[in-house]
>>> print(open('my_file_8.txt').read())   # compact mmCIF, C-alpha atoms and all ligand atoms
# COMPACT_ATOMS: atom_id res chain seq x y z
CA MET A 1 -104.80 160.81 72.17
CA LEU A 2 -108.16 162.48 72.65
CA SER A 3 -110.22 164.49 70.27
CA VAL A 4 -111.60 166.76 72.98
CA ARG A 5 -110.04 170.00 74.15
CA TRP A 6 -111.08 171.88 77.28
CA ASP A 7 -110.82 175.62 77.33
CA TRP A 8 -110.04 177.56 80.50
CA GLN A 9 -113.76 178.24 81.10
CA GLY A 10 -114.36 174.50 81.39
CA ASN A 11 -116.01 174.14 77.98
CA CYS A 12 -114.88 171.36 75.75
CA GLU A 13 -114.42 171.41 72.03
CA LEU A 14 -114.16 168.58 69.48
CA LEU A 15 -110.95 168.81 67.53
CA PRO A 16 -110.19 167.78 63.96
CA PRO A 17 -107.61 164.93 63.86
CA ASP A 18 -104.68 167.22 62.92
CA LYS A 19 -105.21 169.37 66.03
CA ILE A 20 -105.25 166.53 68.56
CA ILE A 21 -102.56 167.54 70.97
CA ASN A 22 -103.67 167.45 74.58
CA SER A 23 -105.26 165.00 76.97
CA ASP A 24 -108.44 166.29 78.59
CA LEU A 25 -107.00 165.25 81.95
CA TYR A 26 -104.25 167.81 81.55
CA CYS A 27 -106.76 170.52 80.69
CA GLN A 28 -108.96 169.64 83.64
CA GLN A 29 -105.96 169.87 85.93
CA MET A 30 -105.10 173.25 84.54
CA MET A 31 -108.67 174.40 85.13
CA LYS A 32 -108.37 173.39 88.77
CA LEU A 33 -105.04 175.19 89.07
CA LYS A 34 -106.57 178.30 87.58
CA GLN A 35 -109.46 178.24 90.06
CA LYS A 36 -107.11 177.68 92.96
CA VAL A 37 -104.76 180.49 92.03
CA GLU A 38 -107.62 182.86 91.31
CA LYS A 39 -109.11 182.24 94.74
CA GLN A 40 -105.79 182.78 96.43
CA TRP A 41 -104.37 185.54 94.24
CA PRO A 42 -104.96 188.50 96.63
CA GLU A 43 -102.76 186.80 99.20
CA LEU A 44 -99.96 186.23 96.72
CA ILE A 45 -99.45 189.91 95.91
CA ASN A 46 -96.21 191.31 97.34
CA ARG A 47 -95.10 188.02 98.75
CA LYS A 48 -91.37 187.41 98.51
CA GLY A 49 -89.86 184.11 97.35
CA GLU A 50 -89.64 182.52 100.77
CA ASN A 51 -93.16 183.43 101.77
CA TYR A 52 -94.35 182.12 98.46
CA LEU A 53 -92.80 178.74 99.26
CA ARG A 54 -94.37 178.76 102.69
CA TYR A 55 -97.65 179.73 101.17
CA TYR A 56 -97.43 176.84 98.73
CA ARG A 57 -96.43 174.49 101.56
CA VAL A 58 -93.15 173.53 99.89
CA THR A 59 -90.71 174.68 102.57
CA PRO A 60 -88.87 171.74 104.16
CA SER A 61 -90.54 170.55 107.37
CA THR A 62 -88.52 170.33 110.61
CA LEU A 63 -89.42 166.68 111.02
CA TYR A 64 -92.44 164.87 109.63
CA SER A 65 -94.81 166.34 107.10
CA ARG A 66 -98.39 165.29 107.64
CA ASP A 67 -100.15 166.65 104.62
CA TYR A 68 -100.15 163.85 102.04
CA ASP A 69 -103.24 164.30 99.89
CA GLU A 70 -104.35 161.46 97.66
CA ASN A 71 -106.35 163.91 95.56
CA VAL A 72 -103.22 165.77 94.45
CA ASN A 73 -101.65 164.43 91.26
CA PRO A 74 -97.86 164.22 91.78
CA GLY A 75 -97.16 163.91 88.02
CA ILE A 76 -95.20 166.50 86.09
CA VAL A 77 -97.20 169.48 84.83
CA ASN A 78 -96.45 169.88 81.13
CA GLY A 79 -95.82 173.63 81.45
CA PHE A 80 -93.20 172.87 84.11
CA GLY A 81 -91.19 170.21 82.24
CA SER A 82 -91.55 171.71 78.78
CA GLY A 83 -91.30 175.32 79.88
CA ALA A 84 -90.74 176.77 83.34
CA PHE A 85 -87.97 174.56 84.73
CA ARG A 86 -85.98 174.69 81.51
CA PHE A 87 -85.52 178.40 82.19
CA LEU A 88 -82.70 177.31 84.48
CA HIS A 89 -80.69 176.50 81.33
CA THR A 90 -79.86 180.18 81.56
CA LEU A 91 -77.78 179.42 84.69
CA VAL A 92 -75.48 177.02 82.83
CA SER A 93 -71.91 178.28 82.87
CA ASP A 94 -69.68 178.33 79.80
CA GLY A 95 -67.05 176.12 81.40
CA ILE A 96 -66.00 173.58 83.97
CA VAL A 97 -63.55 174.92 86.54
CA SER A 98 -60.78 172.76 87.98
CA CYS A 99 -59.17 173.99 91.18
CA PRO A 100 -56.20 172.34 92.96
CA ALA A 101 -56.05 171.79 96.73
CA SER A 102 -53.76 174.85 97.09
CA TYR A 103 -56.59 177.03 95.64
CA GLN A 104 -53.81 178.93 93.85
CA ALA A 105 -54.49 178.36 90.17
CA ALA A 106 -57.81 177.42 88.64
CA TYR A 107 -58.29 176.22 85.08
CA LYS A 108 -61.51 176.54 83.08
CA TYR A 109 -62.35 173.92 80.45
CA ARG A 110 -64.76 174.91 77.70
CA LEU A 111 -68.11 173.18 78.14
CA SER A 112 -68.47 172.46 74.41
CA ASP A 113 -65.17 170.55 74.33
CA HIS A 114 -66.40 168.13 76.95
CA TYR A 115 -69.96 167.04 76.17
CA PHE A 116 -70.24 163.29 76.67
CA ASN A 117 -66.57 163.18 77.63
CA PRO A 118 -65.91 162.36 81.28
CA SER A 119 -62.15 161.93 80.71
CA LEU A 120 -61.58 165.25 82.53
CA LEU A 121 -62.19 163.29 85.71
CA GLU A 122 -59.33 160.94 84.92
CA ILE A 123 -56.48 163.23 83.82
CA SER A 124 -54.72 162.77 87.14
CA PRO A 125 -55.54 161.09 90.48
CA SER A 126 -56.67 164.47 91.85
CA SER A 127 -58.87 165.45 88.86
CA PHE A 128 -62.16 164.44 90.47
CA ASP A 129 -61.39 166.45 93.62
CA ASP A 130 -60.10 169.40 91.58
CA ILE A 131 -63.37 169.56 89.63
CA LEU A 132 -65.50 169.23 92.78
CA ARG A 133 -63.49 172.10 94.29
CA GLY A 134 -63.95 174.12 91.09
CA MET A 135 -67.70 173.54 91.05
CA ALA A 136 -68.00 174.64 94.68
CA GLN A 137 -66.05 177.83 93.84
CA GLN A 138 -67.71 178.70 90.55
CA SER A 139 -70.79 180.89 90.37
CA ALA A 140 -73.67 180.05 88.06
CA ALA A 141 -74.50 182.30 85.11
CA GLU A 142 -77.14 185.01 85.60
CA SER A 143 -80.81 184.11 85.60
CA ASP A 144 -81.81 186.28 82.67
CA PRO A 145 -83.10 185.55 79.17
CA TYR A 146 -79.56 184.92 77.87
CA CYS A 147 -77.80 181.57 77.67
CA THR A 148 -74.14 180.93 76.96
CA ALA A 149 -73.27 180.24 73.29
CA GLU A 150 -71.77 176.97 74.55
CA VAL A 151 -75.37 175.71 74.67
CA THR A 152 -77.06 177.90 72.05
CA ASN A 153 -74.49 177.33 69.27
CA LEU A 154 -72.24 174.50 70.29
CA MET A 155 -74.28 171.97 72.24
CA PHE A 156 -73.12 168.38 71.62
CA LYS A 157 -70.87 169.62 68.82
CA SER A 158 -68.43 166.70 69.11
CA SER A 159 -65.67 167.31 66.54
CA ASN A 160 -67.89 169.56 64.35
CA SER A 161 -67.54 173.35 64.27
CA TRP A 162 -71.22 173.85 65.17
CA GLY A 163 -73.62 172.09 67.45
CA LEU A 164 -77.26 172.33 68.51
CA ASP A 165 -79.19 175.24 70.01
CA LEU A 166 -80.67 174.26 73.38
CA VAL A 167 -82.98 177.28 73.64
CA ALA A 168 -84.43 176.61 70.17
CA MET A 169 -85.07 173.03 71.35
CA ASP A 170 -86.75 174.28 74.53
CA ILE A 171 -89.10 176.51 72.55
CA GLN A 172 -89.80 173.83 69.98
CA ARG A 173 -90.40 171.17 72.64
CA GLY A 174 -93.11 173.36 74.19
CA ARG A 175 -94.81 173.46 70.79
CA ASP A 176 -94.39 169.67 70.31
CA HIS A 177 -96.13 169.14 73.64
CA GLY A 178 -98.93 171.49 72.68
CA ILE A 179 -98.63 173.48 75.90
CA ALA A 180 -100.69 176.60 76.38
CA SER A 181 -99.25 179.98 75.42
CA TYR A 182 -97.51 182.41 77.75
CA ASN A 183 -100.65 184.53 77.77
CA ASP A 184 -102.80 181.56 78.88
CA TYR A 185 -100.37 180.74 81.68
CA ARG A 186 -100.40 184.37 82.80
CA GLU A 187 -104.09 184.02 83.38
CA ILE A 188 -103.77 180.59 85.02
CA CYS A 189 -101.23 182.14 87.38
CA GLY A 190 -103.46 185.04 88.35
CA LEU A 191 -102.20 187.82 86.06
CA ARG A 192 -104.50 189.64 83.71
CA LYS A 193 -104.54 188.11 80.21
CA ALA A 194 -102.92 190.57 77.80
CA GLN A 195 -105.02 191.94 74.94
CA HIS A 196 -102.07 193.87 73.49
CA PHE A 197 -98.29 193.59 73.86
CA GLN A 198 -98.33 196.73 75.98
CA ASP A 199 -100.41 194.91 78.62
CA LEU A 200 -97.23 193.00 79.52
CA ALA A 201 -95.70 196.18 80.95
CA GLY A 202 -96.33 195.16 84.58
CA GLU A 203 -94.11 192.10 84.19
CA MET A 204 -91.44 193.10 81.66
CA SER A 205 -89.37 196.04 80.56
CA GLN A 206 -90.23 198.09 77.48
CA ASP A 207 -87.25 196.87 75.43
CA ARG A 208 -88.35 193.26 75.98
CA ILE A 209 -91.93 194.07 75.03
CA ASN A 210 -90.60 195.73 71.85
CA ALA A 211 -88.50 192.64 71.06
CA LEU A 212 -91.53 190.34 71.48
CA GLN A 213 -93.63 192.63 69.32
CA GLN A 214 -91.08 192.39 66.53
CA LEU A 215 -90.91 188.61 66.69
CA TYR A 216 -94.57 187.68 67.21
CA GLU A 217 -97.59 188.85 65.28
CA CYS A 218 -99.97 188.61 68.23
CA VAL A 219 -99.51 188.57 72.00
CA ASP A 220 -101.39 185.24 72.16
CA ASP A 221 -98.64 183.62 70.08
CA VAL A 222 -95.83 184.22 72.59
CA ASP A 223 -94.40 180.86 73.69
CA LEU A 224 -94.46 180.08 77.43
CA PHE A 225 -90.68 179.60 77.52
CA VAL A 226 -90.01 182.96 75.85
CA GLY A 227 -92.58 185.07 77.69
CA GLY A 228 -91.76 183.54 81.07
CA ALA A 229 -88.03 184.13 80.55
CA MET A 230 -88.65 187.80 79.70
CA GLU A 231 -90.47 188.54 82.97
CA LYS A 232 -88.75 190.55 85.69
CA ASP A 233 -87.69 188.52 88.71
CA VAL A 234 -90.07 188.47 91.64
CA PRO A 235 -88.16 190.11 94.55
CA GLY A 236 -86.27 187.43 96.46
CA SER A 237 -86.53 184.94 93.58
CA ILE A 238 -84.60 184.12 90.39
CA LEU A 239 -87.90 183.53 88.58
CA GLY A 240 -90.56 185.84 87.23
CA HIS A 241 -94.16 185.59 88.39
CA THR A 242 -95.42 183.00 85.88
CA PHE A 243 -92.46 180.61 86.19
CA GLN A 244 -92.51 180.98 89.96
CA CYS A 245 -96.17 179.99 89.98
CA LEU A 246 -95.51 176.92 87.79
CA VAL A 247 -92.46 175.76 89.74
CA ALA A 248 -94.22 176.21 93.10
CA GLU A 249 -97.26 174.32 91.81
CA GLN A 250 -95.03 171.44 90.64
CA PHE A 251 -93.06 171.26 93.89
CA TYR A 252 -96.33 171.33 95.82
CA ARG A 253 -97.72 168.43 93.79
CA THR A 254 -94.49 166.46 93.98
CA ARG A 255 -94.46 166.64 97.78
CA ILE A 256 -98.11 166.59 98.79
CA GLY A 257 -99.25 164.09 96.18
CA ASP A 258 -96.51 161.47 96.74
CA ARG A 259 -97.26 159.03 99.54
CA PHE A 260 -93.65 157.83 99.39
CA PHE A 261 -92.22 161.32 99.99
CA TYR A 262 -89.40 160.70 102.44
CA ASP A 263 -90.69 162.73 105.40
CA ASN A 264 -94.27 161.49 105.24
CA CYS A 265 -95.19 160.01 108.62
CA GLU A 266 -98.51 158.36 108.08
CA MET A 267 -97.38 155.29 106.18
CA PRO A 268 -96.24 151.78 107.18
CA HIS A 269 -92.95 152.40 105.31
CA SER A 270 -92.26 155.80 106.97
CA PHE A 271 -88.87 156.40 108.60
CA THR A 272 -88.76 156.42 112.41
CA SER A 273 -88.30 159.88 113.92
CA ASP A 274 -84.65 159.02 114.83
CA GLN A 275 -83.93 157.95 111.27
CA LEU A 276 -85.60 161.02 109.83
CA MET A 277 -83.62 163.30 112.11
CA GLU A 278 -80.40 161.76 110.79
CA ILE A 279 -81.51 162.19 107.19
CA LYS A 280 -82.37 165.84 107.83
CA LYS A 281 -78.91 166.42 109.32
CA THR A 282 -77.04 165.45 106.21
CA SER A 283 -76.13 167.84 103.41
CA MET A 284 -74.47 168.19 100.01
CA ALA A 285 -71.33 169.32 101.83
CA ARG A 286 -71.25 166.08 103.87
CA LEU A 287 -71.89 164.01 100.75
CA ILE A 288 -68.93 165.67 99.02
CA CYS A 289 -66.69 165.28 102.08
CA ASP A 290 -67.53 161.58 102.43
CA ASN A 291 -66.98 160.76 98.78
CA SER A 292 -63.85 162.71 97.92
CA ASP A 293 -60.53 163.75 99.40
CA LEU A 294 -61.61 167.36 99.84
CA GLN A 295 -60.53 168.69 103.22
CA TYR A 296 -62.66 171.82 103.38
CA ILE A 297 -65.97 172.91 101.97
CA GLN A 298 -68.53 175.60 102.70
CA LYS A 299 -71.52 174.40 104.71
CA LYS A 300 -74.04 175.27 102.00
CA ALA A 301 -72.26 173.63 99.08
CA PHE A 302 -74.61 175.07 96.44
CA GLU A 303 -73.88 178.63 97.60
CA LEU A 304 -70.57 180.41 97.17
CA GLU A 305 -68.20 180.71 100.09
CA SER A 306 -68.72 184.01 101.97
CA PRO A 307 -68.49 185.37 105.53
CA TYR A 308 -72.03 183.96 105.98
CA ASN A 309 -71.11 180.65 104.41
CA PRO A 310 -67.51 179.91 105.42
CA LYS A 311 -65.54 176.77 104.65
CA TYR A 312 -65.25 174.14 107.37
CA SER A 313 -63.06 171.11 107.74
CA CYS A 314 -64.72 167.91 106.53
CA LYS A 315 -63.71 166.48 109.92
CA ASP A 316 -65.86 169.06 111.75
CA ASN A 317 -68.91 167.03 112.66
CA ASN A 318 -70.64 169.98 114.30
CA ALA A 319 -70.42 172.22 111.26
CA ILE A 320 -71.06 169.51 108.64
CA PRO A 321 -72.87 166.75 110.53
CA TYR A 322 -72.46 163.09 109.74
CA MET A 323 -75.45 160.85 109.39
CA ASP A 324 -75.56 158.24 112.14
CA LEU A 325 -76.59 155.00 110.48
CA THR A 326 -76.93 153.08 113.74
CA HIS A 327 -80.60 154.07 113.76
CA TRP A 328 -81.08 151.62 110.91
CA ARG A 329 -79.43 148.77 112.76
CA LYS A 330 -81.56 145.69 113.17
CA ASP A 331 -81.09 142.44 114.96
CA ARG A 332 -79.95 139.69 112.64
CA PHE A 333 -83.27 137.89 112.75
CA ASP A 334 -85.62 140.88 112.60
C1 LIG B 401 -74.69 171.72 80.82
C2 LIG B 401 -75.91 171.82 81.28
C3 LIG B 401 -77.18 171.37 80.57
C4 LIG B 401 -77.35 170.89 79.31
C5 LIG B 401 -76.29 170.69 78.21
C6 LIG B 401 -78.75 170.57 79.16
C7 LIG B 401 -79.33 170.04 78.03
C8 LIG B 401 -80.63 169.60 77.93
C9 LIG B 401 -81.19 168.93 76.80
C10 LIG B 401 -80.44 168.58 75.51
C11 LIG B 401 -82.50 168.70 77.07
C12 LIG B 401 -83.52 168.02 76.16
C13 LIG B 401 -84.05 169.07 75.22
C14 LIG B 401 -85.18 168.54 74.38
O1 LIG B 401 -84.96 167.60 73.60
O2 LIG B 401 -86.29 169.06 74.47
C15 LIG B 401 -82.78 169.22 78.38
C16 LIG B 401 -84.01 169.15 79.01
C17 LIG B 401 -84.27 169.67 80.23
N1 LIG B 401 -83.40 170.36 81.04
FE1 LIG B 401 -81.43 170.66 80.69
N2 LIG B 401 -79.42 170.89 80.32
C18 LIG B 401 -78.50 171.36 81.21
C19 LIG B 401 -78.75 171.80 82.49
C20 LIG B 401 -80.00 171.89 83.07
C21 LIG B 401 -80.29 172.47 84.35
C22 LIG B 401 -79.23 173.09 85.27
C23 LIG B 401 -81.63 172.37 84.55
C24 LIG B 401 -82.48 172.80 85.71
C25 LIG B 401 -82.06 172.87 86.95
C26 LIG B 401 -82.19 171.71 83.41
C27 LIG B 401 -83.53 171.42 83.24
C28 LIG B 401 -84.05 170.72 82.18
C29 LIG B 401 -85.43 170.25 82.11
C30 LIG B 401 -86.53 170.44 83.17
C31 LIG B 401 -85.56 169.59 80.88
C32 LIG B 401 -86.80 168.88 80.38
C33 LIG B 401 -86.73 167.43 80.81
C34 LIG B 401 -87.87 166.62 80.30
O3 LIG B 401 -88.77 167.12 79.65
O4 LIG B 401 -87.87 165.40 80.57
N3 LIG B 401 -81.18 171.44 82.52
N4 LIG B 401 -81.63 169.78 78.87
>>> encode(input="my_file_8.txt", output="structure tokens")
Amino acid sequence: MLSVRWDWQGNCELLPPDKIINSDLYCQQMMKLKQKVEKQWPELINRKGENYLRYYRVTPSTLYSRDYDENVNPGIVNGFGSGAFRFLHTLVSDGIVSCPASYQAAYKYRLSDHYFNPSLLEISPSSFDDILRGMAQQSAAESDPYCTAEVTNLMFKSSNSWGLDLVAMDIQRGRDHGIASYNDYREICGLRKAQHFQDLAGEMSQDRINALQQLYECVDDVDLFVGGAMEKDVPGSILGHTFQCLVAEQFYRTRIGDRFFYDNCEMPHSFTSDQLMEIKKTSMARLICDNSDLQYIQKKAFELESPYNPKYSCKDNNAIPYMDLTHWRKDRFD
């Protein structure tokens, strides 16, 4: 706990004991992020999701990545863990779908009836496979500022009629962590800091601005989680500008700043190129095939089946490649 707070201009301020919330390290890091984004902002305009990832050097490499940087802190940015990434709670579906091998009749279990209760997996010998099949068939909820009532009214309800509100917890957790406001993060991420609610018009629709104005006295009070969730999606992305910036920054740090990242080639512990090629061949679809009795699955298991993503037989090694572990074989005495 430190009694110093850095503002975004790099000035520090002594805080009274009841306001001690942030480490100065965190604020220094945020200053650096602000400078970096500001310098690069012109190039970010009009970039679509994929380009943004490329720009942030977080697209998967074809083989080795060679850009480990010991000066990059791989730790979790507070605004990511206590704000941006929690936005994906909006994707949580209201139920768990179970689908038999015939694909003829699916059954949906209510999420709130099954918190902390894995017995669904044990109803019959095929339950595990039925649920895997259901998950591969089921689409996620929309990425918008609305979450299912299964998590906003009934989370962890057990045998009670009411449970917890996950979104209220997300907002409150951001306050517990003392993270900067939505307006501060706008500026850190290269947008103009809003002086009035109406200055948010570039990033959100008028009805959302009106809603924020009713709930908050001042635009500086808007919580990161709330403001970020209200932003329009960047084309090609499920995130708005500010959350996209925070998520990309975190992924960048996690990869570039971690010398143990699996495709890093400059270390004594690095995989050989043959081993790495095998690792890169494998997929969620192969993992599911190898650990269940499913016979078919779409190649990209996290995306719905479609003409572009058809189902293949788990036995089809060309479509869903196996990982060849012989590249790890060693002589007995090595
Ligand atoms: C049924 C689905 C889910 C439930 C019930 C759930 C519930 C929770 C709960 C109770 C917390 C802790 C809240 C707190 O005390 O502050 C949490 C944190 C979090 N959740 Fe979820 N969650 C779900 C799915 C997801 C998904 C799909 C994502 C993102 C892909 C996600 C990302 C996060 C993150 C980043 C945190 C913060 C973790 C941390 O600070 O250590 N959650 N979630």
>>> atom_distance(input="my_file_8.txt", atom1="atom CA of Tyr262 of chain A", atom2="atom CA of Thr282 of chain A")
13.8 Å
>>> closest_atom_pairs(input="my_file_8.txt", of="segment 127-199 of chain A", to="segment 304-313 of chain A", cutoff="12 Å", atoms="only C-alpha atoms", output="Markdown table")
| residue | atom | partner | partner_atom | distance |
| --- | --- | --- | --- | --- |
| A:Arg133 | CA | A:Leu304 | CA | 11.3 |
| A:Gly134 | CA | A:Leu304 | CA | 11.0 |
| A:Met135 | CA | A:Leu304 | CA | 9.6 |
| A:Ala136 | CA | A:Leu304 | CA | 6.8 |
| A:Gln137 | CA | A:Leu304 | CA | 6.2 |
| A:Gln138 | CA | A:Leu304 | CA | 7.4 |
| A:Ser139 | CA | A:Leu304 | CA | 6.8 |
| A:Ala140 | CA | A:Leu304 | CA | 9.6 |
>>> residues_near_ligand(input="my_file_8.txt", ligand="ligand LIG 401 (chain B)", cutoff="9 Å", atoms="only C-alpha atoms and all ligand atoms", output="PyMOL selection string")
chain A and resi 78+80-95+111-112+115+150-151+155-156+164-174
>>> atom_distance(input="my_file_8.txt", atom1="atom CA of Asn317 of chain A", atom2="atom CA of Leu294 of chain A")
14.8 Å
>>> closest_residue(input="my_file_8.txt", among="A:Met230, A:Ile179, A:Ala194, A:Val72", to="Tyr146 of chain A", atoms="all atoms listed in the file")
A:Met230
>>> closest_residue(input="my_file_8.txt", among="A:Ala229, A:Leu120, A:Met267, A:Ala211", to="Cys147 of chain A", atoms="all atoms listed in the file")
A:Ala229
>>> closest_atom_pairs(input="my_file_8.txt", of="segment 140-223 of chain A", to="segment 237-246 of chain A", cutoff="8 Å", atoms="all atoms listed in the file", output="CSV")
residue,atom,partner,partner_atom,distance
A:Ser143,CA,A:Ile238,CA,6.1
A:Tyr185,CA,A:Thr242,CA,6.9
A:Arg186,CA,A:Thr242,CA,6.0
A:Cys189,CA,A:Thr242,CA,6.1
A:Glu203,CA,A:His241,CA,7.7
>>> closest_residue(input="my_file_8.txt", among="A:Ser102, A:Thr148, A:Asn210, A:Gln250", to="Ser126 of chain A", atoms="only C-alpha atoms")
A:Ser102
>>> closest_residue(input="my_file_8.txt", among="A:Val247, A:His177, A:Gly163, A:Arg259", to="Asn71 of chain A", atoms="only C-alpha atoms")
A:Arg259
>>> atom_distance(input="my_file_8.txt", atom1="atom CA of Phe302 of chain A", atom2="atom CA of Leu287 of chain A")
12.2 Å
>>> residues_near_point(input="my_file_8.txt", point="(-70.4, 165.5, 103.0)", cutoff="12 Å", atoms="only C-alpha atoms", output="MDAnalysis selection string")
chainID A and resid 132 281:301 312:317 319:323
>>> residues_near_point(input="my_file_8.txt", point="(-94.2, 168.4, 96.5)", cutoff="12 Å", atoms="only C-alpha atoms", output="MDAnalysis selection string")
chainID A and resid 53 56:61 65 67:69 72:76 247:264
>>> closest_residue(input="my_file_8.txt", among="A:Asn318, A:Asn183, A:Ser270, A:Gln275", to="Gln195 of chain A", atoms="all atoms listed in the file")
A:Asn183
>>> closest_residue(input="my_file_8.txt", among="A:Gly79, A:Ile96, A:Val222, A:Ser205", to="Ile188 of chain A", atoms="all atoms listed in the file")
A:Gly79
>>> decode(input="my_file_8.txt", residues="segment 67-85 of chain A", atoms="N, CA and C atoms", output="PDB file, in the first residue's frame")
ATOM      1  N   ASP A  67      10.180 -12.368 -30.229  1.00  0.00           N
ATOM      2  CA  ASP A  67      10.134 -10.989 -29.755  1.00  0.00           C
ATOM      3  C   ASP A  67       9.950 -10.863 -28.247  1.00  0.00           C
ATOM      4  N   TYR A  68      10.469 -11.840 -27.492  1.00  0.00           N
ATOM      5  CA  TYR A  68      10.411 -11.711 -26.029  1.00  0.00           C
ATOM      6  C   TYR A  68      11.118 -10.423 -25.608  1.00  0.00           C
ATOM      7  N   ASP A  69      10.490  -9.685 -24.720  1.00  0.00           N
ATOM      8  CA  ASP A  69      11.073  -8.419 -24.286  1.00  0.00           C
ATOM      9  C   ASP A  69      11.036  -8.354 -22.759  1.00  0.00           C
ATOM     10  N   GLU A  70      12.226  -8.397 -22.165  1.00  0.00           N
ATOM     11  CA  GLU A  70      12.273  -8.447 -20.694  1.00  0.00           C
ATOM     12  C   GLU A  70      11.763  -7.151 -20.063  1.00  0.00           C
ATOM     13  N   ASN A  71      11.616  -6.112 -20.862  1.00  0.00           N
ATOM     14  CA  ASN A  71      11.119  -4.853 -20.298  1.00  0.00           C
ATOM     15  C   ASN A  71       9.599  -4.778 -20.273  1.00  0.00           C
ATOM     16  N   VAL A  72       8.938  -5.789 -20.852  1.00  0.00           N
ATOM     17  CA  VAL A  72       7.466  -5.790 -20.837  1.00  0.00           C
ATOM     18  C   VAL A  72       6.986  -6.596 -19.636  1.00  0.00           C
ATOM     19  N   ASN A  73       6.123  -6.003 -18.835  1.00  0.00           N
ATOM     20  CA  ASN A  73       5.589  -6.677 -17.655  1.00  0.00           C
ATOM     21  C   ASN A  73       4.433  -7.587 -18.065  1.00  0.00           C
ATOM     22  N   PRO A  74       4.569  -8.914 -17.868  1.00  0.00           N
ATOM     23  CA  PRO A  74       3.514  -9.824 -18.317  1.00  0.00           C
ATOM     24  C   PRO A  74       2.342  -9.913 -17.338  1.00  0.00           C
ATOM     25  N   GLY A  75       2.394  -9.199 -16.229  1.00  0.00           N
ATOM     26  CA  GLY A  75       1.327  -9.269 -15.218  1.00  0.00           C
ATOM     27  C   GLY A  75      -0.006  -8.762 -15.753  1.00  0.00           C
ATOM     28  N   ILE A  76      -1.052  -9.008 -14.984  1.00  0.00           N
ATOM     29  CA  ILE A  76      -2.396  -8.637 -15.422  1.00  0.00           C
ATOM     30  C   ILE A  76      -2.661  -7.166 -15.130  1.00  0.00           C
ATOM     31  N   VAL A  77      -3.049  -6.434 -16.154  1.00  0.00           N
ATOM     32  CA  VAL A  77      -3.419  -5.027 -16.009  1.00  0.00           C
ATOM     33  C   VAL A  77      -4.759  -4.993 -15.257  1.00  0.00           C
ATOM     34  N   ASN A  78      -4.818  -4.173 -14.223  1.00  0.00           N
ATOM     35  CA  ASN A  78      -6.016  -4.143 -13.378  1.00  0.00           C
ATOM     36  C   ASN A  78      -7.295  -3.872 -14.188  1.00  0.00           C
ATOM     37  N   GLY A  79      -7.206  -2.946 -15.130  1.00  0.00           N
ATOM     38  CA  GLY A  79      -8.385  -2.599 -15.938  1.00  0.00           C
ATOM     39  C   GLY A  79      -8.837  -3.745 -16.833  1.00  0.00           C
ATOM     40  N   PHE A  80      -7.943  -4.693 -17.074  1.00  0.00           N
ATOM     41  CA  PHE A  80      -8.306  -5.886 -17.861  1.00  0.00           C
ATOM     42  C   PHE A  80      -9.061  -6.880 -16.969  1.00  0.00           C
ATOM     43  N   GLY A  81      -8.455  -7.269 -15.848  1.00  0.00           N
ATOM     44  CA  GLY A  81      -9.054  -8.287 -14.974  1.00  0.00           C
ATOM     45  C   GLY A  81     -10.287  -7.794 -14.251  1.00  0.00           C
ATOM     46  N   SER A  82     -10.286  -6.529 -13.851  1.00  0.00           N
ATOM     47  CA  SER A  82     -11.424  -6.015 -13.086  1.00  0.00           C
ATOM     48  C   SER A  82     -12.394  -5.250 -13.969  1.00  0.00           C
ATOM     49  N   GLY A  83     -12.170  -5.258 -15.264  1.00  0.00           N
ATOM     50  CA  GLY A  83     -13.074  -4.522 -16.156  1.00  0.00           C
ATOM     51  C   GLY A  83     -13.243  -5.216 -17.487  1.00  0.00           C
ATOM     52  N   ALA A  84     -12.304  -4.916 -18.416  1.00  0.00           N
ATOM     53  CA  ALA A  84     -12.507  -5.279 -19.821  1.00  0.00           C
ATOM     54  C   ALA A  84     -12.871  -6.746 -20.062  1.00  0.00           C
ATOM     55  N   PHE A  85     -12.105  -7.682 -19.498  1.00  0.00           N
ATOM     56  CA  PHE A  85     -12.348  -9.082 -19.884  1.00  0.00           C
ATOM     57  C   PHE A  85     -13.632  -9.619 -19.270  1.00  0.00           C
TER      58      PHE A  85
END
